[in-house]
$ cat work-v8.csv   # CSV, C-alpha atoms and all ligand atoms
chain,number,residue,atom,x,y,z
A,25,SER,CA,42.7,142.7,27.7
A,26,LEU,CA,39.8,143.6,29.9
A,27,GLN,CA,40.0,140.3,31.8
A,28,SER,CA,43.6,140.8,32.9
A,29,ASN,CA,42.8,142.7,36.1
A,30,SER,CA,42.6,139.5,38.2
A,31,LYS,CA,45.3,139.0,40.9
A,32,LEU,CA,44.6,135.2,40.6
A,33,PRO,CA,46.6,133.0,38.3
A,34,PHE,CA,46.0,134.1,34.7
A,35,ASP,CA,43.5,131.4,33.8
A,36,ILE,CA,41.2,131.7,36.8
A,37,PRO,CA,38.5,134.4,36.6
A,38,ASP,CA,38.3,136.9,39.5
A,39,TYR,CA,34.7,136.0,40.3
A,40,LEU,CA,35.8,132.5,41.4
A,41,ASP,CA,37.9,134.0,44.2
A,42,PRO,CA,35.9,133.4,47.4
A,43,ASN,CA,37.4,136.6,48.8
A,44,TYR,CA,36.5,138.7,45.7
A,45,LYS,CA,35.6,142.2,46.7
A,46,ARG,CA,32.7,143.7,44.8
A,47,GLU,CA,32.6,147.3,43.8
A,48,ASN,CA,30.3,149.9,45.3
A,49,ALA,CA,27.7,149.4,42.6
A,50,THR,CA,24.2,148.3,41.8
A,51,PHE,CA,21.8,147.5,39.0
A,52,ILE,CA,18.9,149.8,38.7
A,53,SER,CA,15.6,149.4,36.9
A,54,LEU,CA,12.8,151.9,36.8
A,55,ALA,CA,9.6,150.0,36.1
A,56,ARG,CA,5.8,149.7,36.5
A,57,ASN,CA,4.2,146.6,37.9
A,58,GLU,CA,2.9,145.8,34.5
A,59,ASP,CA,6.5,145.8,33.1
A,60,LEU,CA,7.1,142.7,35.1
A,61,TRP,CA,7.3,140.1,32.3
A,62,GLU,CA,9.2,142.2,29.8
A,63,LEU,CA,11.7,143.0,32.6
A,64,VAL,CA,12.0,139.4,33.6
A,65,ASP,CA,13.5,138.5,30.2
A,66,ALA,CA,16.0,141.4,30.5
A,67,ILE,CA,17.0,140.5,34.0
A,68,ARG,CA,17.4,136.8,33.2
A,69,SER,CA,19.7,137.8,30.4
A,70,VAL,CA,21.9,140.1,32.6
A,71,GLU,CA,22.0,137.4,35.3
A,72,ASP,CA,23.0,134.6,32.9
A,73,ARG,CA,25.6,136.7,31.1
A,74,PHE,CA,27.1,138.6,34.0
A,75,ASN,CA,25.5,138.9,37.4
A,76,SER,CA,25.2,135.3,38.4
A,77,LYS,CA,29.1,135.5,38.5
A,78,TYR,CA,29.4,138.8,40.4
A,79,LYS,CA,26.1,139.0,42.4
A,80,TYR,CA,25.6,142.7,42.4
A,81,ASP,CA,22.6,144.3,44.1
A,82,TRP,CA,19.5,145.4,42.2
A,83,VAL,CA,17.4,148.5,43.0
A,84,PHE,CA,13.9,148.8,41.5
A,85,LEU,CA,12.1,152.1,41.5
A,86,ASN,CA,8.5,152.9,40.7
A,87,ASP,CA,6.2,155.9,41.0
A,88,GLN,CA,3.7,153.4,42.6
A,89,PRO,CA,4.4,150.7,45.2
A,90,PHE,CA,5.6,147.4,43.7
A,91,ASN,CA,3.1,144.6,44.2
A,92,GLU,CA,3.9,141.2,45.8
A,93,GLU,CA,4.0,139.3,42.5
A,94,PHE,CA,6.6,141.7,41.1
A,95,LYS,CA,8.7,141.5,44.2
A,96,THR,CA,8.5,137.7,44.5
A,97,VAL,CA,9.4,137.1,40.9
A,98,MET,CA,12.3,139.5,40.8
A,99,THR,CA,13.8,138.4,44.1
A,100,SER,CA,13.8,134.8,42.9
A,101,LEU,CA,15.7,135.7,39.7
A,102,ILE,CA,18.4,138.0,41.1
A,103,SER,CA,21.6,136.7,42.6
A,104,GLY,CA,22.4,139.9,44.6
A,105,ASN,CA,20.4,141.8,47.3
A,106,VAL,CA,17.2,143.3,45.9
A,107,LYS,CA,15.6,146.5,47.0
A,108,TYR,CA,12.3,148.1,46.1
A,109,GLY,CA,11.6,151.8,46.3
A,110,VAL,CA,8.9,154.3,45.7
A,111,ILE,CA,9.7,157.6,44.1
A,112,PRO,CA,8.8,160.7,46.1
A,113,LYS,CA,5.9,162.6,44.7
A,114,LYS,CA,7.9,165.7,44.1
A,115,HIS,CA,10.2,163.8,41.7
A,116,TRP,CA,7.3,162.6,39.7
A,117,SER,CA,4.9,165.6,39.2
A,118,LEU,CA,4.7,168.9,37.5
A,119,PRO,CA,6.9,171.4,39.3
A,120,PRO,CA,5.0,174.5,40.4
A,121,TRP,CA,6.6,176.8,37.8
A,122,ILE,CA,5.2,174.8,34.9
A,123,ASP,CA,2.1,176.1,33.2
A,124,GLU,CA,-0.2,173.1,32.8
A,125,LYS,CA,-2.1,174.7,29.9
A,126,LYS,CA,1.1,175.3,28.0
A,127,ALA,CA,2.3,171.7,28.8
A,128,ALA,CA,-1.1,170.3,27.5
A,129,GLN,CA,-0.7,172.4,24.3
A,130,THR,CA,2.7,170.8,23.7
A,131,ARG,CA,1.3,167.3,24.1
A,132,GLU,CA,-1.4,168.2,21.5
A,133,ARG,CA,1.2,169.6,19.1
A,134,MET,CA,3.4,166.5,19.5
A,135,LYS,CA,0.8,163.8,19.4
A,136,ASN,CA,2.1,162.4,16.2
A,137,ILE,CA,5.5,161.6,17.5
A,138,ILE,CA,6.4,158.7,19.8
A,139,TYR,CA,5.3,159.5,23.4
A,140,GLY,CA,4.6,163.1,22.2
A,141,ASP,CA,1.2,163.0,24.0
A,142,SER,CA,2.4,161.3,27.2
A,143,VAL,CA,2.7,162.9,30.6
A,144,SER,CA,4.1,159.9,32.3
A,145,TYR,CA,6.9,159.6,29.8
A,146,ARG,CA,7.9,163.1,30.5
A,147,HIS,CA,8.0,162.4,34.3
A,148,MET,CA,10.1,159.4,33.5
A,149,CYS,CA,12.6,161.4,31.4
A,150,ARG,CA,12.8,164.1,34.1
A,151,PHE,CA,13.2,161.5,36.8
A,152,GLU,CA,16.0,159.7,35.0
A,153,SER,CA,17.7,163.0,34.2
A,154,GLY,CA,17.6,164.6,37.6
A,155,PHE,CA,16.5,162.4,40.4
A,156,PHE,CA,17.1,158.7,40.3
A,157,PHE,CA,20.6,159.1,41.8
A,158,GLN,CA,19.1,161.1,44.7
A,159,HIS,CA,16.7,158.3,45.7
A,160,GLU,CA,17.5,157.1,49.2
A,161,LEU,CA,18.1,153.5,48.0
A,162,MET,CA,20.8,154.8,45.6
A,163,GLN,CA,22.7,156.6,48.4
A,164,ASP,CA,24.6,153.4,49.2
A,165,TYR,CA,26.2,153.3,45.8
A,166,LYS,CA,28.6,155.0,43.5
A,167,TYR,CA,28.3,153.1,40.2
A,168,TYR,CA,25.1,151.8,38.5
A,169,TRP,CA,24.1,149.8,35.5
A,170,ARG,CA,20.6,150.6,34.2
A,171,VAL,CA,18.4,147.8,32.8
A,172,GLU,CA,15.1,148.3,31.0
A,173,PRO,CA,12.3,145.9,30.0
A,174,SER,CA,12.6,144.0,26.7
A,175,THR,CA,16.4,144.4,26.4
A,176,LYS,CA,18.9,141.7,26.1
A,177,LEU,CA,22.7,141.1,26.4
A,178,HIS,CA,24.0,139.2,23.4
A,179,CYS,CA,27.4,138.1,24.9
A,180,ASP,CA,29.0,136.7,28.0
A,181,VAL,CA,30.5,139.4,30.2
A,182,ASN,CA,33.3,137.7,32.0
A,183,PHE,CA,34.9,140.7,33.7
A,184,ASP,CA,33.6,143.0,36.4
A,185,VAL,CA,32.2,145.9,34.5
A,186,PHE,CA,32.2,148.1,37.6
A,187,LYS,CA,35.8,147.3,38.5
A,188,PHE,CA,36.7,148.2,35.0
A,189,MET,CA,35.0,151.5,35.3
A,190,ARG,CA,36.9,152.3,38.5
A,191,GLU,CA,40.3,151.0,37.5
A,192,GLU,CA,40.2,152.6,34.0
A,193,ASN,CA,38.8,155.9,35.3
A,194,LYS,CA,35.6,155.8,33.3
A,195,ASP,CA,32.6,157.8,34.4
A,196,TYR,CA,30.1,157.0,31.7
A,197,ALA,CA,29.7,153.9,29.4
A,198,PHE,CA,27.4,153.0,26.6
A,199,THR,CA,26.7,150.4,24.0
A,200,ILE,CA,24.5,152.2,21.4
A,201,SER,CA,24.6,155.8,20.4
A,202,ILE,CA,22.1,157.5,18.0
A,203,HIS,CA,20.6,160.7,16.7
A,204,GLU,CA,17.7,162.3,18.6
A,205,PHE,CA,14.4,163.4,17.0
A,206,GLU,CA,15.0,167.2,16.7
A,207,ILE,CA,11.4,168.1,17.5
A,208,THR,CA,11.7,166.7,21.1
A,209,ILE,CA,14.6,169.0,22.0
A,210,GLU,CA,14.1,172.1,19.9
A,211,THR,CA,15.5,174.5,22.6
A,212,LEU,CA,17.7,172.1,24.6
A,213,TRP,CA,20.9,173.3,23.0
A,214,GLU,CA,20.1,177.0,23.2
A,215,THR,CA,19.3,176.5,26.9
A,216,THR,CA,22.6,174.5,27.4
A,217,LYS,CA,24.6,177.3,25.7
A,218,GLU,CA,23.0,179.9,28.0
A,219,PHE,CA,24.0,177.8,31.0
A,220,ILE,CA,27.5,177.4,29.8
A,221,GLN,CA,27.8,181.1,29.1
A,222,GLN,CA,26.7,181.8,32.6
A,223,ASN,CA,28.8,179.0,34.2
A,224,PRO,CA,31.9,178.6,32.0
A,225,GLN,CA,33.8,177.1,34.9
A,226,TYR,CA,31.9,173.8,34.5
A,227,LEU,CA,33.1,173.1,31.0
A,228,ASP,CA,35.9,170.6,31.2
A,229,LYS,CA,39.0,171.7,29.3
A,230,ASN,CA,39.3,168.3,27.7
A,231,ASN,CA,35.6,167.9,26.9
A,232,PHE,CA,33.9,165.8,24.2
A,233,MET,CA,32.1,168.8,22.5
A,234,ASP,CA,33.1,167.4,19.1
A,235,PHE,CA,31.0,164.3,19.8
A,236,ILE,CA,27.8,166.4,20.2
A,237,SER,CA,28.6,169.2,17.8
A,238,ASN,CA,30.0,169.4,14.3
A,239,ASP,CA,30.7,173.1,14.5
A,240,GLY,CA,32.6,173.6,17.8
A,241,GLY,CA,29.5,174.0,19.9
A,242,GLU,CA,27.4,176.4,17.7
A,243,THR,CA,24.7,173.7,17.1
A,244,TYR,CA,23.9,170.3,18.5
A,245,ASN,CA,24.3,167.4,16.1
A,246,LEU,CA,21.6,165.4,17.9
A,247,CYS,CA,24.1,162.6,18.9
A,248,HIS,CA,23.5,160.9,22.2
A,249,PHE,CA,24.2,157.8,24.1
A,250,TRP,CA,21.2,155.5,24.4
A,251,THR,CA,20.5,155.5,28.1
A,252,ASN,CA,18.3,152.4,28.2
A,253,PHE,CA,21.8,150.8,28.7
A,254,GLU,CA,23.9,152.9,30.9
A,255,VAL,CA,26.8,152.2,33.2
A,256,ALA,CA,28.0,155.3,35.1
A,257,ASN,CA,29.6,156.9,38.1
A,258,MET,CA,26.9,158.8,40.0
A,259,ASP,CA,29.6,161.3,41.1
A,260,LEU,CA,29.0,162.8,37.7
A,261,TRP,CA,25.3,163.4,38.4
A,262,ARG,CA,25.9,164.4,42.0
A,263,SER,CA,28.5,167.0,41.0
A,264,GLU,CA,27.8,170.7,41.4
A,265,ALA,CA,28.1,171.2,37.6
A,266,TYR,CA,25.4,168.6,36.8
A,267,GLN,CA,23.1,169.6,39.7
A,268,LYS,CA,23.2,173.2,38.5
A,269,TYR,CA,22.8,172.2,34.9
A,270,PHE,CA,19.7,170.0,35.6
A,271,GLU,CA,18.2,172.7,37.8
A,272,TYR,CA,18.7,175.2,34.9
A,273,LEU,CA,17.0,172.8,32.4
A,274,ASP,CA,14.2,172.0,34.8
A,275,GLN,CA,13.5,175.7,35.3
A,276,ALA,CA,13.5,176.3,31.5
A,277,GLY,CA,10.6,173.8,31.4
A,278,GLY,CA,11.6,171.7,28.3
A,279,PHE,CA,10.8,168.4,30.0
A,280,PHE,CA,7.2,169.5,29.8
A,281,TYR,CA,7.0,172.2,27.1
A,282,GLU,CA,9.0,169.9,24.7
A,283,ARG,CA,9.9,166.3,25.4
A,284,TRP,CA,13.5,166.4,26.5
A,285,GLY,CA,14.9,162.9,27.0
A,286,ASP,CA,17.3,161.8,29.7
A,287,ALA,CA,19.5,160.5,26.9
A,288,PRO,CA,20.4,163.8,25.3
A,289,VAL,CA,20.5,165.4,28.8
A,290,HIS,CA,22.9,162.8,30.2
A,291,SER,CA,25.0,162.8,27.0
A,292,ILE,CA,25.4,166.5,26.7
A,293,ALA,CA,26.5,166.6,30.4
A,294,ALA,CA,28.9,163.7,29.9
A,295,ALA,CA,30.3,165.4,26.9
A,296,LEU,CA,30.8,168.8,28.5
A,297,PHE,CA,31.6,168.2,32.2
A,298,ILE,CA,34.1,165.4,32.2
A,299,PRO,CA,37.2,164.6,30.2
A,300,LYS,CA,36.4,162.8,27.0
A,301,GLU,CA,38.6,159.8,27.9
A,302,ARG,CA,36.2,159.1,30.7
A,303,VAL,CA,33.4,158.1,28.3
A,304,HIS,CA,33.6,154.5,27.3
A,305,TYR,CA,32.1,152.4,24.6
A,306,PHE,CA,31.6,148.7,25.4
A,307,GLU,CA,32.4,146.9,22.2
A,308,GLU,CA,32.2,143.4,23.6
A,309,ILE,CA,29.0,143.2,25.5
A,310,GLY,CA,26.4,143.0,22.7
A,311,TYR,CA,23.0,144.5,23.4
A,312,TYR,CA,19.5,144.8,22.1
A,313,HIS,CA,16.8,147.4,22.8
A,314,GLY,CA,14.2,147.6,20.1
A,315,PRO,CA,14.7,148.3,17.3
A,316,TYR,CA,18.5,148.3,17.4
A,317,ASN,CA,21.3,145.8,18.1
A,318,ASN,CA,24.8,146.2,19.1
A,319,CYS,CA,26.5,143.0,17.8
A,320,PRO,CA,30.3,142.9,17.8
A,321,ILE,CA,31.4,142.6,14.2
A,322,ASP,CA,34.7,141.2,15.2
A,323,ASP,CA,34.5,137.4,14.9
A,324,GLU,CA,37.1,136.8,17.6
A,325,ILE,CA,35.1,138.9,20.2
A,326,ARG,CA,31.8,137.1,19.3
A,327,ILE,CA,33.2,133.6,19.6
A,328,LYS,CA,35.3,134.3,22.7
A,329,ASN,CA,32.2,135.7,24.5
A,330,LYS,CA,29.6,133.3,23.1
A,331,CYS,CA,27.6,136.1,21.5
A,332,MET,CA,24.2,135.2,20.2
A,333,CYS,CA,23.6,137.8,17.5
A,334,LYS,CA,24.0,138.3,13.8
A,335,PRO,CA,26.8,140.8,13.0
A,336,LYS,CA,24.7,141.8,10.0
A,337,ASP,CA,22.2,143.3,12.5
A,338,ASP,CA,24.7,145.5,14.1
A,339,PHE,CA,23.7,149.2,14.3
A,340,THR,CA,27.1,150.6,15.5
A,341,TRP,CA,28.5,151.6,12.1
A,342,GLN,CA,25.3,152.7,10.4
A,343,ASP,CA,24.8,156.3,9.5
A,344,TYR,CA,22.0,156.9,12.1
A,345,SER,CA,24.4,155.8,14.9
A,346,CYS,CA,27.0,158.2,16.3
A,347,THR,CA,29.5,155.6,17.4
A,348,ARG,CA,31.7,156.1,14.3
A,349,ARG,CA,31.9,159.7,15.4
A,350,TYR,CA,32.9,158.5,18.9
A,351,TYR,CA,35.8,156.6,17.4
A,352,ASP,CA,36.8,159.5,15.1
A,353,VAL,CA,36.8,162.2,17.8
A,354,LEU,CA,38.8,160.0,20.2
A,355,GLY,CA,41.1,158.9,17.4
A,356,LEU,CA,40.4,155.2,18.1
A,357,GLN,CA,41.0,152.5,15.6
A,358,LYS,CA,37.8,151.0,14.2
A,359,PRO,CA,37.4,147.2,14.0
A,360,LEU,CA,38.4,145.6,10.8
A,361,GLY,CA,35.7,145.5,8.2
A,362,TRP,CA,33.5,148.2,9.7
A,363,GLU,CA,33.0,149.8,6.3
A,364,GLN,CA,30.9,146.7,5.3
A,365,HIS,CA,28.4,147.5,8.1
A,366,THR,CA,27.4,151.0,7.3
A,367,GLY,CA,24.3,150.1,5.2
A,401,LIG,P1,11.5,153.9,25.7
A,401,LIG,O1,12.7,152.9,25.8
A,401,LIG,O2,12.0,155.3,25.4
A,401,LIG,O3,10.6,153.4,24.6
A,401,LIG,O4,10.7,153.9,27.0
A,401,LIG,P2,10.3,152.8,28.0
A,401,LIG,O5,8.8,152.5,27.9
A,401,LIG,O6,11.2,151.6,27.9
A,401,LIG,O7,10.5,153.5,29.4
A,401,LIG,C1,11.8,153.7,29.9
A,401,LIG,C2,12.0,153.1,31.3
A,401,LIG,O8,11.1,153.8,32.2
A,401,LIG,C3,11.6,151.7,31.4
A,401,LIG,O9,12.5,151.1,32.4
A,401,LIG,C4,10.2,151.7,31.9
A,401,LIG,O10,9.9,150.5,32.6
A,401,LIG,C5,10.2,152.9,32.8
A,401,LIG,N1,8.9,153.7,32.8
A,401,LIG,C6,8.3,154.3,31.7
A,401,LIG,N2,7.2,154.9,32.1
A,401,LIG,C7,7.0,154.6,33.4
A,401,LIG,C8,6.0,155.0,34.4
A,401,LIG,O11,5.0,155.7,34.1
A,401,LIG,N3,6.2,154.5,35.6
A,401,LIG,C9,7.3,153.8,36.0
A,401,LIG,N4,7.4,153.4,37.2
A,401,LIG,N5,8.2,153.5,35.1
A,401,LIG,C10,8.1,153.9,33.8
A,402,MN,MN,12.9,151.1,26.7

$ encode --input "work-v8.csv" --output "structure tokens" --more "lines below"
Ligand code: GDP
Ligand code: MN
Amino acid sequence: SLQSNSKLPFDIPDYLDPNYKRENATFISLARNEDLWELVDAIRSVEDRFNSKYKYDWVFLNDQPFNEEFKTVMTSLISGNVKYGVIPKKHWSLPPWIDEKKAAQTRERMKNIIYGDSVSYRHMCRFESGFFFQHELMQDYKYYWRVEPSTKLHCDVNFDVFKFMREENKDYAFTISIHEFEITIETLWETTKEFIQQNPQYLDKNNFMDFISNDGGETYNLCHFWTNFEVANMDLWRSEAYQKYFEYLDQAGGFFYERWGDAPVHSIAAALFIPKERVHYFEEIGYYHGPYNNCPIDDEIRIKNKCMCKPKDDFTWQDYSCTRRYYDVLGLQKPLGWEQHTG
């Protein structure tokens, strides 16, 4: 089981070892000052369920300076070291090759879809795609766990998630997967295919193409990991393959001429540039980000981990989720009774 990594006697959790050595890892939250109280709930949940045991650091990033209230409240809630950073202007502004008029036309055209008319949302998606791992405060770390406002963990996490990532050779982990709104990424797949044609050496031989495409790469099936929860190894984003890929996407302009999300961008990269076994699904954590829940349907998991969620609310096995596909492509065995949760 996941908890069996401890070198202590079998019944004593590793985090009670006074000499426990933490991983090179941090939490990260991108937020505005006005996100404070929505983020407080999310952080309290992560602290209660996991971090009060392991005491990992927490990095906060913002395009504006954080105010004193934000910093005082967050520092009081978090058990690890807390760091506050401002995002460099060039990582949160229109790059010079973007035509402002064309970007404005896009926002007008997309005003009826969620965030379709927002400039700041597009900066956010571009930042989370290409720049957060380059921030100076993130240079100290290898692994991160992303936490957003208004989210919640449903279950106790009694093992070191970051140690699991390292020991099990995982580079990317998720709790919820879902289909993207096609209108936000109309040319993302064409652009990705061009990049791969020009740089075939970056395509991993043992890639996860079948998770993101139903026809061997001809078209994108819109499947992506929901990045509002994300645990990953930043070596993936700092790799030459990803750096070049992001640069190619950024030059193509789709962050502003469409509304490319960091979720499809990260997911496509994770599916193409690393072996598929390095992508992990956490089935035991339990997570909420509106409007969807991951709630383990396995009674034993829910009871053992003191989950506070209704299995009836679980999104995992529903048609709009892609997690069933994740299991199928990897040839994993689905939990008993999953067929009863597809509705
Ligand atoms: P959604 O989950 O796609 O609905 O988007 P959110 O509103 O949750 O935004 C995603 C993340 O980016 C959250 O952590 C927000 O706090 C953060 N965020 C969104 N817009 C901004 C912004 O303009 N400035 C800053 N500093 N953070 C932002
Ligand atoms: Mn969110």

$ residues_near_ligand --input "work-v8.csv" --ligand "ligand LIG 401 (chain A)" --cutoff "10 Å" --atoms "only C-alpha atoms and all ligand atoms" --output "ChimeraX atom specification"
/A:52-60,62-63,84-90,110-111,116,138-139,142-149,151-152,170-175,250-253,285-287,313-315

$ atom_distance --input "work-v8.csv" --atom1 "atom CA of Pro335 of chain A" --atom2 "atom CA of Phe74 of chain A"
21.1 Å

$ atom_distance --input "work-v8.csv" --atom1 "atom CA of Tyr80 of chain A" --atom2 "atom CA of Lys45 of chain A"
10.9 Å

$ atom_distance --input "work-v8.csv" --atom1 "atom CA of Cys319 of chain A" --atom2 "atom CA of Pro359 of chain A"
12.3 Å

$ closest_residue --input "work-v8.csv" --among "A:Tyr165, A:Tyr311, A:Trp213, A:Phe205" --to "Cys333 of chain A" --atoms "only C-alpha atoms"
A:Tyr311

$ residues_around --input "work-v8.csv" --residues "segment 119-133 of chain A" --least-positions-apart "5" --cutoff "10 Å" --atoms "all atoms listed in the file" --output "number ranges by chain"
A: 114, 139-143, 274-283

$ closest_residue --input "work-v8.csv" --among "A:Ile298, A:Ile325, A:Val83, A:Leu260" --to "Ser153 of chain A" --atoms "all atoms listed in the file"
A:Leu260

$ closest_residue --input "work-v8.csv" --among "A:Phe306, A:Lys300, A:Lys217, A:Glu324" --to "Tyr272 of chain A" --atoms "only C-alpha atoms"
A:Lys217

$ closest_residue --input "work-v8.csv" --among "A:Phe188, A:Phe198, A:Phe270, A:Trp261" --to "Phe219 of chain A" --atoms "only C-alpha atoms"
A:Phe270

$ residues_around --input "work-v8.csv" --residues "Asp323 of chain A" --least-positions-apart "3" --cutoff "12 Å" --atoms "only C-alpha atoms" --output "PyMOL selection string"
chain A and resi 308+319-320+326-336+359-361

$ closest_residue --input "work-v8.csv" --among "A:Ala295, A:Leu356, A:Val255, A:Ile36" --to "Thr199 of chain A" --atoms "only C-alpha atoms"
A:Val255

$ decode --input "work-v8.csv" --residues "segment 178-203 of chain A" --atoms "C-alpha atoms" --output "PDB file, in the first residue's frame"
ATOM      1  CA  HIS A 178     -12.245  15.098   1.246  1.00  0.00           C
ATOM      2  CA  CYS A 179      -9.922  12.525   2.842  1.00  0.00           C
ATOM      3  CA  ASP A 180      -6.985  12.240   5.207  1.00  0.00           C
ATOM      4  CA  VAL A 181      -3.709  11.906   3.364  1.00  0.00           C
ATOM      5  CA  ASN A 182      -1.512   9.870   5.678  1.00  0.00           C
ATOM      6  CA  PHE A 183       1.423   9.372   3.357  1.00  0.00           C
ATOM      7  CA  ASP A 184       3.951  11.780   1.918  1.00  0.00           C
ATOM      8  CA  VAL A 185       2.587  12.554  -1.525  1.00  0.00           C
ATOM      9  CA  PHE A 186       5.921  13.978  -2.691  1.00  0.00           C
ATOM     10  CA  LYS A 187       7.898  10.983  -1.468  1.00  0.00           C
ATOM     11  CA  PHE A 188       5.445   8.792  -3.321  1.00  0.00           C
ATOM     12  CA  MET A 189       6.067  10.785  -6.505  1.00  0.00           C
ATOM     13  CA  ARG A 190       9.825  10.367  -6.226  1.00  0.00           C
ATOM     14  CA  GLU A 191       9.926   6.741  -5.126  1.00  0.00           C
ATOM     15  CA  GLU A 192       7.332   5.588  -7.653  1.00  0.00           C
ATOM     16  CA  ASN A 193       8.883   7.595 -10.513  1.00  0.00           C
ATOM     17  CA  LYS A 194       5.803   9.731 -11.101  1.00  0.00           C
ATOM     18  CA  ASP A 195       6.135  13.097 -12.806  1.00  0.00           C
ATOM     19  CA  TYR A 196       2.518  14.180 -12.985  1.00  0.00           C
ATOM     20  CA  ALA A 197      -0.485  13.408 -10.772  1.00  0.00           C
ATOM     21  CA  PHE A 198      -4.154  14.366 -10.856  1.00  0.00           C
ATOM     22  CA  THR A 199      -7.464  13.726  -9.138  1.00  0.00           C
ATOM     23  CA  ILE A 200     -10.005  14.884 -11.738  1.00  0.00           C
ATOM     24  CA  SER A 201      -9.886  14.692 -15.523  1.00  0.00           C
ATOM     25  CA  ILE A 202     -12.423  16.185 -17.895  1.00  0.00           C
ATOM     26  CA  HIS A 203     -13.203  17.216 -21.489  1.00  0.00           C
TER      27      HIS A 203
END
